[in-house]
Amino acid sequence: MAAAIGSSTPMAVLLNTGNLVIRSSNGTTLWQSFDHHTDTFLPGMKVGLKYNTHDGGERLVSWKGPGDPSPGRFSYGIDPTTFLQVFLWDGKRPVLRSAPWTGYLVTSERRYQQTNASTEVIIYLAVVDNDKEIYITYSLSDGAPHTRHVLTYSGEYQTQSWNNRLLVWEVLVKLPSVQCTLYGYCGPYGYCDQTAAPVPTCKCLDGFEPASTEEWTGGRFSMGCRRKEPLGGCGDGFLALPGMKPPDKFTLVGGGKSTFEECAAECNRNCSCVAYAHANLSSGGSEGNVTGCLVWDGELIDTGKLGDVFGSNTLYLRVAGLYVADGKRTTSNTVRIGLPVLASVMVLLCITLAWLKFKGKIEKWRKRKSSSLDGMCISYELDEGNPHRDRKFPFVRFEEMSIATHNFCETCQIGRGGFGKVYKGMLGGQEVAIKRLSKDSQQGTKEFRNEVILISKLQHRNLVQLLGCCAEGDEKLLIYEYMPNKSLDATLFDDSRRLLLDWSTRFNIIKGVARGLLYLHQDSRLTIIHRDLKAGNVLLDADMKPKIADFGMARIFGDNQQNANTQRIVGTYGYMAPEYAMEGLFSTKSDVYSFGVLLLEVVTGIRRNSNSGTMGFPSLIIYSWNMWKEGRAEELPDSSIMDTCSVDEVVLCVHVALLCVEENPDDRPLMSYVVFVLENGSTTLPDPNSPAYFARRRIEMEQIREDIQTSANGFTLTEIEGR
């Protein structure tokens, strides 16, 4: 488009690149939008720094909010201190850092594929360094769809591509992608191993160990690592660590002309130098071969392992015990070699003896014949008139459980709840989660045998697998498969971990839980009512796939049974259906109600009983219902996924959730219908009726609370705990 402005007839032209240019009558560019950065980085734009200036350079700046384009908290640009790396900042605090520039000019390593599309998107990233400035820019492969980088108001740096089929901006990749890559997350001398499968994890550099084993085991890495052996001075050598993301806080030495040997010598003769790296920084805008020698003389922070990808480098780390002569690493003397070798031989000998001693015990555990759980049948609630008292199940001695968890030490504890504590341990070479019922737990022998017998019968990808159990004296323990990503609530409601849950992952979790519930209600041999479905009882495996857990409160129905009544109400307030909470009446529709509440939590990232984030409404259900009535359901998603979620899928999920939490159980859908709709979509869903709400039953709820205080057996409410 073009428009005349003023008497000199300058022209405003919007180019196909997206650059709005104002030109004079003779064609000179007077102004262009590419020079004034917002939150979007388009092909052909520059993000960089001019030499000999002291400003912060050209940066992307996020919006303040989803509908507020004023400058927000986050910015993205080249580090003005070193000129060699790119940062994502939250105000002045670094959030994410790239590896220091290693001299590449153009790379086409960034290849992406759109969903259900044959066209590949190849991004050619370029770094230009000349006498005046250094900047990054990029271009796209021929025929690639429109692609852009966007810094979102929530602090994500996203690569988005226009999907012509779906008519949406599809997120191809986003940073930070995992928690481990956040700036300094692994602490001093720790590093994020991005090559670790399936999830990047923090590790200590060679020659270092966790500064606090307890903190490290508990998943808290900010204290970092410490040397196993103090440095002996300038005589210590350097260990080559290839494929690394060099740490921050480096010094560039050598005037840009140092060779690798000169760089190594520079660090060798400086006793305070703890590491160095060397890079060829040649560029088309510079004359000759410009090289970079990076040295570190303080704590190594924000280190990573990238593997053999662009941006990686070899880090040379000073390690105690390596001998150096004339700047070159050589073999150490006899004493330095002899002692470690002798120690290694002794250790191997001890291990061999220990193995011979305990091999029989290990094999006994692995090959143990299934033992009957004496009396561990589900009583009248399960198979009235046909008890399974001879059911076989792996039974493990308490002594072995104690050894597996280091006598149930706190560093092995990974969670707790109303039932007791959960520990991580090793049994038969396999990582397991061990649930130990506390002696004063309200969930006693009845719930314990319920869980053992129930889960031993159930086999489904979305149900947690029970591997064994222990019942000796007062001790009752259950052995489950270990779920490295803990429970859904521990991730969904944690500000630092919720970034792991993008919309695609959340939608898959919703569908997985629905399939697991359908199996319990319809596809298993017996109809099973869970009675305590909640975010805390949905565990996530290494691939973030959901598995329903905790069947201690479950009940089994006969073939023709539709509902049941109980005087002992168990579960978690907020997830319980009204007919169950008020009258003790439960059925498969009680679980459907709980699923609806859980679905709303996953979409919104708001707890069911939260007083914040619901615009003054007393509960998440009522807030969602009012947003639905006002036609604003698309505004409900968690702010961290607002820019990336599918509006159609979000509205579908909210619609299904509101159908699930209707007050009349008969109006709620069956899980078979829920699964079908979530898998296939629908434009013909019935309008939801007003959801169940406890406000008008405040008097009854107060009476229930009084009953709880006067009766230990009348009513059991549990709260969510991470595990």
# chains A, B, ... in the order shown; residues from 1 in each chain; ligands from 1
>>> residues_around(residues="range 72-86 of chain A", least_positions_apart="5", cutoff="9 Å", atoms="only C-alpha atoms", output="mmCIF file with C-alpha atoms, in the first residue's frame")
data_model
loop_
_atom_site.group_PDB
_atom_site.id
_atom_site.type_symbol
_atom_site.label_atom_id
_atom_site.label_comp_id
_atom_site.auth_asym_id
_atom_site.auth_seq_id
_atom_site.Cartn_x
_atom_site.Cartn_y
_atom_site.Cartn_z
ATOM 1 C CA ASP A 39 7.859 -8.389 20.396
ATOM 2 C CA VAL A 47 18.779 -7.818 16.489
ATOM 3 C CA GLY A 48 22.178 -6.621 17.567
ATOM 4 C CA LEU A 49 24.539 -4.060 19.034
ATOM 5 C CA HIS A 54 26.760 2.184 25.637
ATOM 6 C CA ASP A 55 23.078 1.475 25.126
ATOM 7 C CA GLY A 56 21.461 -1.914 25.437
ATOM 8 C CA GLY A 57 21.257 -2.401 21.690
ATOM 9 C CA GLU A 58 18.317 -3.620 19.673
ATOM 10 C CA ARG A 59 16.072 -5.876 21.704
ATOM 11 C CA LEU A 60 12.736 -7.562 21.322
ATOM 12 C CA VAL A 61 10.394 -6.439 24.093
ATOM 13 C CA SER A 62 7.356 -8.456 25.156
ATOM 14 C CA TRP A 63 3.841 -7.133 25.486
ATOM 15 C CA LYS A 64 2.643 -6.317 28.977
ATOM 16 C CA GLY A 65 -0.342 -8.657 28.705
ATOM 17 C CA GLY A 91 13.771 -6.969 33.757
ATOM 18 C CA LYS A 92 17.498 -7.104 34.575
ATOM 19 C CA LEU A 96 17.900 -17.796 29.440
ATOM 20 C CA ARG A 97 21.306 -17.556 27.752
ATOM 21 C CA SER A 98 22.603 -18.883 24.478
ATOM 22 C CA ALA A 99 26.026 -20.450 24.108
ATOM 23 C CA PRO A 100 28.790 -17.916 23.263
ATOM 24 C CA TRP A 101 29.174 -17.398 19.548
ATOM 25 C CA THR A 102 31.735 -19.873 18.193
ATOM 26 C CA ILE A 134 27.343 -7.218 15.406
ATOM 27 C CA TYR A 135 23.865 -8.596 14.852
ATOM 28 C CA ILE A 136 21.842 -11.714 14.176
ATOM 29 C CA LEU A 151 8.672 -12.954 22.659
ATOM 30 C CA THR A 152 5.414 -13.569 24.521
ATOM 31 C CA TYR A 153 4.157 -11.609 27.505
ATOM 32 C CA SER A 154 4.739 -14.714 29.667
ATOM 33 C CA GLY A 155 8.452 -14.780 28.805
ATOM 34 C CA GLU A 156 8.623 -17.477 26.129
ATOM 35 C CA TYR A 157 10.685 -17.030 22.964
ATOM 36 C CA LYS A 249 30.991 -14.690 33.191
ATOM 37 C CA PHE A 250 33.972 -15.346 30.900
ATOM 38 C CA THR A 251 36.772 -12.999 29.870
ATOM 39 C CA LEU A 252 37.837 -12.694 26.233
#
>>> residues_around(residues="Trp162 in chain A", least_positions_apart="5", cutoff="8 Å", atoms="only C-alpha atoms", output="list of chain:residue names")
A:Pro145, A:His146, A:Thr147, A:Leu167, A:Val168, A:Trp169, A:Glu170
>>> write_last_selection(atoms="C-alpha atoms", output="short mmCIF file (atom, residue, chain, number, x, y, z; two decimals), in the first residue's frame")
data_model
loop_
_atom_site.label_atom_id
_atom_site.label_comp_id
_atom_site.auth_asym_id
_atom_site.auth_seq_id
_atom_site.Cartn_x
_atom_site.Cartn_y
_atom_site.Cartn_z
CA PRO A 145 5.30 -20.66 5.08
CA HIS A 146 5.40 -17.34 6.92
CA THR A 147 7.55 -17.82 10.01
CA LEU A 167 -5.40 -20.90 9.81
CA VAL A 168 -3.40 -20.38 13.03
CA TRP A 169 0.13 -19.53 14.05
CA GLU A 170 1.56 -22.91 14.99
#
>>> residues_around(residues="range 481-487 of chain A", least_positions_apart="4", cutoff="8 Å", atoms="only C-alpha atoms", output="PyMOL selection string")
chain A and resi 424+431-433+464-467+491+535-542+544+722-723
>>> atom_distance(atom1="CA of His278 in chain A", atom2="CA of Leu315 in chain A")
8.2 Å
>>> residues_around(residues="Pro200 in chain A", least_positions_apart="3", cutoff="9 Å", atoms="only C-alpha atoms", output="ChimeraX atom specification")
/A:178-181,192-197
